[in-house]
file data-v2.tsv (TSV, C-alpha atoms)
chain	number	residue	atom	x	y	z
A	1	MET	CA	35.36	-39.72	86.49
A	2	ARG	CA	35.92	-39.07	90.19
A	3	SER	CA	34.38	-41.24	92.85
A	4	ILE	CA	32.18	-39.67	95.53
A	5	LYS	CA	35.03	-40.00	98.01
A	6	ASP	CA	37.40	-38.26	95.59
A	7	GLU	CA	34.91	-35.39	95.22
A	8	ILE	CA	34.67	-34.97	99.00
A	9	VAL	CA	38.48	-35.11	99.33
A	10	ALA	CA	38.85	-32.46	96.61
A	11	LYS	CA	36.39	-30.15	98.36
A	12	LEU	CA	38.11	-30.66	101.70
A	13	LEU	CA	41.51	-29.93	100.17
A	14	CYS	CA	40.15	-26.52	99.12
A	15	ARG	CA	39.31	-25.56	102.71
A	16	TRP	CA	41.23	-27.86	105.05
A	17	TRP	CA	42.34	-24.91	107.22
A	18	TYR	CA	38.71	-24.51	108.28
A	19	ALA	CA	38.43	-28.15	109.45
A	20	GLU	CA	38.31	-28.54	113.23
A	21	GLU	CA	41.02	-31.21	113.20
A	22	TYR	CA	43.52	-28.71	111.80
A	23	ILE	CA	42.31	-25.76	113.86
A	24	LYS	CA	42.64	-27.72	117.13
A	25	ASN	CA	45.94	-29.37	116.25
A	26	ASP	CA	47.57	-26.28	114.77
A	27	TRP	CA	48.78	-27.28	111.33
A	28	PRO	CA	51.58	-26.91	110.63
A	29	PRO	CA	52.91	-27.35	114.18
A	30	GLN	CA	54.22	-24.12	115.69
A	31	ASP	CA	56.39	-25.78	118.35
A	32	GLU	CA	60.00	-24.85	117.60
A	33	SER	CA	61.31	-27.90	119.51
A	34	PHE	CA	59.52	-30.22	117.04
A	35	TYR	CA	61.42	-28.71	114.12
A	36	GLN	CA	64.69	-28.55	116.02
A	37	ALA	CA	64.52	-32.30	116.66
A	38	GLU	CA	63.82	-32.93	112.96
A	39	LEU	CA	66.73	-30.69	111.93
A	40	ASP	CA	69.04	-32.53	114.36
A	41	LYS	CA	68.03	-35.92	112.92
A	42	ARG	CA	69.15	-34.72	109.49
A	43	LYS	CA	72.30	-32.94	110.73
A	44	LEU	CA	70.91	-29.56	109.70
A	45	ARG	CA	71.08	-26.22	111.45
A	46	LYS	CA	68.70	-23.33	110.98
A	47	VAL	CA	70.21	-19.94	110.20
A	48	THR	CA	68.57	-16.63	109.40
A	49	ILE	CA	68.58	-15.10	105.95
A	50	GLU	CA	70.69	-12.26	107.36
A	51	GLN	CA	73.35	-14.77	108.47
A	52	TRP	CA	73.20	-16.95	105.35
A	53	GLU	CA	76.06	-15.42	103.32
A	54	TRP	CA	78.39	-15.09	106.29
A	55	LEU	CA	78.20	-18.55	107.84
A	56	PRO	CA	80.07	-21.61	106.59
A	57	GLU	CA	78.13	-24.41	104.86
A	58	GLN	CA	78.94	-26.78	107.73
A	59	ASP	CA	79.61	-26.02	111.35
A	60	ALA	CA	82.12	-27.76	113.67
A	61	LYS	CA	79.63	-30.62	114.28
A	62	GLY	CA	79.16	-31.21	110.53
A	63	TYR	CA	75.65	-29.73	110.46
A	64	SER	CA	74.72	-28.09	107.14
A	65	LYS	CA	73.00	-24.74	107.08
A	66	VAL	CA	69.40	-24.26	106.00
A	67	TYR	CA	66.97	-21.36	106.28
A	68	GLU	CA	63.25	-21.59	106.95
A	69	LEU	CA	60.87	-20.24	104.33
A	70	SER	CA	58.94	-17.54	106.16
A	71	GLN	CA	55.73	-18.24	104.23
A	72	PHE	CA	55.82	-22.02	104.91
A	73	ARG	CA	56.39	-23.01	108.54
A	74	GLY	CA	58.57	-26.12	108.74
A	75	VAL	CA	59.88	-25.91	105.17
A	76	TYR	CA	63.56	-25.13	104.69
A	77	ARG	CA	65.95	-24.51	101.82
A	78	ASN	CA	69.56	-25.66	101.65
A	79	SER	CA	72.55	-24.28	99.76
A	80	ALA	CA	71.73	-26.37	96.69
A	81	GLY	CA	68.30	-24.69	96.57
A	82	GLU	CA	66.50	-27.91	97.53
A	83	SER	CA	63.35	-27.74	99.59
A	84	ILE	CA	63.32	-29.72	102.84
A	85	ASP	CA	59.83	-30.22	104.28
A	86	LEU	CA	59.98	-31.21	107.96
A	87	ARG	CA	56.28	-30.92	108.69
A	88	PRO	CA	54.79	-34.21	109.99
A	89	LYS	CA	53.66	-36.23	106.98
A	90	ASP	CA	51.30	-38.50	108.93
A	91	ARG	CA	48.83	-35.71	109.66
A	92	CYS	CA	49.38	-33.24	106.88
A	93	PRO	CA	46.24	-32.14	105.01
A	94	CYS	CA	46.88	-33.95	101.75
A	95	GLN	CA	45.08	-36.24	99.36
A	96	THR	CA	47.01	-39.30	100.55
A	97	ASN	CA	46.02	-38.82	104.19
A	98	PHE	CA	42.44	-37.84	103.42
A	99	ARG	CA	41.95	-40.93	101.22
A	100	LYS	CA	42.80	-43.11	104.25
A	101	LYS	CA	39.73	-41.78	106.09
A	102	ASP	CA	36.27	-43.26	105.64
A	103	LEU	CA	33.58	-41.34	103.81
A	104	ALA	CA	31.63	-40.52	106.97
A	105	THR	CA	34.68	-38.94	108.61
A	106	LEU	CA	35.47	-36.96	105.48
A	107	CYS	CA	31.89	-35.70	105.21
A	108	ALA	CA	31.91	-34.67	108.88
A	109	MET	CA	35.24	-32.85	108.38
A	110	LEU	CA	33.91	-31.12	105.27
A	111	LEU	CA	30.68	-30.05	106.99
A	112	GLY	CA	32.69	-28.61	109.89
A	113	ALA	CA	34.95	-26.79	107.45
A	114	TYR	CA	31.94	-25.34	105.65
A	115	GLU	CA	30.47	-24.16	108.98
A	116	ASN	CA	33.73	-22.48	109.96
A	117	GLN	CA	34.05	-20.91	106.54
A	118	LEU	CA	30.55	-19.46	106.89
A	119	LYS	CA	31.52	-17.98	110.27
A	120	ASP	CA	34.65	-16.49	108.72
A	121	LEU	CA	32.66	-14.91	105.88
A	122	LYS	CA	30.93	-12.74	108.47
A	123	ASN	CA	34.28	-11.01	109.01
A	124	CYS	CA	34.44	-9.92	105.39
A	125	ARG	CA	33.58	-6.30	104.71
A	126	TYR	CA	32.21	-7.13	101.25
A	127	ASN	CA	28.88	-8.72	100.44
A	128	GLN	CA	29.39	-12.48	100.54
A	129	ASP	CA	25.75	-13.58	100.19
A	130	LYS	CA	26.35	-15.56	96.98
A	131	CYS	CA	29.36	-17.33	98.45
A	132	ALA	CA	27.45	-18.09	101.66
A	133	ASN	CA	24.52	-19.48	99.66
A	134	ASP	CA	26.88	-21.65	97.61
A	135	ILE	CA	28.41	-23.03	100.81
A	136	LYS	CA	24.98	-23.72	102.30
A	137	ALA	CA	23.95	-25.57	99.14
A	138	ALA	CA	27.18	-27.60	99.27
A	139	MET	CA	26.45	-28.43	102.91
A	140	THR	CA	23.01	-29.71	101.94
A	141	ARG	CA	24.53	-31.92	99.21
A	142	THR	CA	27.15	-33.23	101.65
A	143	ARG	CA	24.48	-34.07	104.25
A	144	GLN	CA	22.44	-35.89	101.59
A	145	LEU	CA	25.51	-37.83	100.54
A	146	LEU	CA	26.21	-38.73	104.13
A	147	HIS	CA	22.65	-39.88	104.63
A	148	GLU	CA	22.61	-41.89	101.40
A	149	SER	CA	25.92	-43.55	102.15
A	150	GLY	CA	24.49	-45.03	105.34
A	151	GLU	CA	27.94	-44.77	106.91
A	152	LEU	CA	26.97	-42.50	109.74
A	153	ALA	CA	24.28	-43.08	112.32
A	154	LYS	CA	21.70	-40.33	112.77
A	155	SER	CA	22.84	-37.63	115.17

call {"tool": "encode", "arguments": {"input": "data-v2.tsv", "output": "structure tokens"}}
result
Amino acid sequence: MRSIKDEIVAKLLCRWWYAEEYIKNDWPPQDESFYQAELDKRKLRKVTIEQWEWLPEQDAKGYSKVYELSQFRGVYRNSAGESIDLRPKDRCPCQTNFRKKDLATLCAMLLGAYENQLKDLKNCRYNQDKCANDIKAAMTRTRQLLHESGELAKS
């Protein structure tokens, strides 16, 4: 059986991209210089898919070639087919990092994510009334949990 905290973490993992923390801090980072520094640390060089077959495995500096997966910013593949994830682990939206946060913080993040998800539903051209009602009910349960936990002072 999951603990209350585990339930909140699971719900947040399903919609982390709506949480303010990740909207404001742009996850994964889009700054090319961040990834270039990480590649340099590992003696890797980024090449395009178009160049892949024509470039040697290692360049004159001994850097091995990798290409970035277009659908996953900051994730690369090497010649052996191994995945190399250079996104910052300390702030990635994952169970390990969420479990480090206290329940009040997690509830606040989840409530914000629900609010942003509701705003985004308005952009949908299909009827999303049931989904919106489900989110509102989940928000009510999360607020009750927050209140019952006594971990957050009244706003």

call {"tool": "residues_around", "arguments": {"input": "data-v2.tsv", "residues": "Gln30 in chain A", "least_positions_apart": "5", "cutoff": "12 Å", "atoms": "only C-alpha atoms", "output": "ChimeraX atom specification"}}
result
/A:25,35-36,72-74,86-88

call {"tool": "write_last_selection", "arguments": {"input": "data-v2.tsv", "atoms": "C-alpha atoms", "output": "PDB file, in the frame of the given file"}}
result
ATOM      1  CA  ASN A  25      45.940 -29.370 116.250  1.00  0.00           C
ATOM      2  CA  TYR A  35      61.420 -28.710 114.120  1.00  0.00           C
ATOM      3  CA  GLN A  36      64.690 -28.550 116.020  1.00  0.00           C
ATOM      4  CA  PHE A  72      55.820 -22.020 104.910  1.00  0.00           C
ATOM      5  CA  ARG A  73      56.390 -23.010 108.540  1.00  0.00           C
ATOM      6  CA  GLY A  74      58.570 -26.120 108.740  1.00  0.00           C
ATOM      7  CA  LEU A  86      59.980 -31.210 107.960  1.00  0.00           C
ATOM      8  CA  ARG A  87      56.280 -30.920 108.690  1.00  0.00           C
ATOM      9  CA  PRO A  88      54.790 -34.210 109.990  1.00  0.00           C
TER      10      PRO A  88
END

call {"tool": "closest_residue", "arguments": {"input": "data-v2.tsv", "among": "A:Leu146, A:Ile49, A:Met1, A:Cys124", "to": "Met109 in chain A", "atoms": "only C-alpha atoms"}}
result
A:Leu146

call {"tool": "closest_residue", "arguments": {"input": "data-v2.tsv", "among": "A:Ile135, A:Leu103, A:Leu55, A:Leu13", "to": "Leu121 in chain A", "atoms": "all atoms listed in the file"}}
result
A:Ile135

call {"tool": "closest_residue", "arguments": {"input": "data-v2.tsv", "among": "A:Val66, A:Cys14, A:Ala137, A:Leu110", "to": "Leu44 in chain A", "atoms": "only C-alpha atoms"}}
result
A:Val66

call {"tool": "atom_distance", "arguments": {"input": "data-v2.tsv", "atom1": "CA of Lys65 in chain A", "atom2": "CA of Arg45 in chain A"}}
result
5.0 Å

call {"tool": "residues_around", "arguments": {"input": "data-v2.tsv", "residues": "Asp102 in chain A", "least_positions_apart": "2", "cutoff": "12 Å", "atoms": "all atoms listed in the file", "output": "PyMOL selection string"}}
result
chain A and resi 4-6+8-9+97-100+104-109+146+149-152

call {"tool": "atom_distance", "arguments": {"input": "data-v2.tsv", "atom1": "CA of Lys89 in chain A", "atom2": "CA of Gly112 in chain A"}}
result
22.5 Å

call {"tool": "closest_residue", "arguments": {"input": "data-v2.tsv", "among": "A:Arg15, A:Lys24, A:Lys43, A:Lys122", "to": "Tyr63 in chain A", "atoms": "only C-alpha atoms"}}
result
A:Lys43

call {"tool": "closest_residue", "arguments": {"input": "data-v2.tsv", "among": "A:Arg2, A:Lys61, A:Lys101, A:Lys11", "to": "Tyr114 in chain A", "atoms": "all atoms listed in the file"}}
result
A:Lys11

call {"tool": "atom_distance", "arguments": {"input": "data-v2.tsv", "atom1": "CA of Gln95 in chain A", "atom2": "CA of Asp26 in chain A"}}
result
18.5 Å

call {"tool": "axis_aligned_box", "arguments": {"input": "data-v2.tsv", "around": "range 8-14 of chain A", "padding_each_side": "3 Å", "output": "AutoDock Vina command-line options"}}
result
--center_x 38.1 --center_y -30.8 --center_z 99.2 --size_x 12.8 --size_y 14.6 --size_z 11.1

call {"tool": "closest_residue", "arguments": {"input": "data-v2.tsv", "among": "A:Trp16, A:Trp54, A:Glu38, A:Cys92", "to": "Tyr76 in chain A", "atoms": "all atoms listed in the file"}}
result
A:Glu38
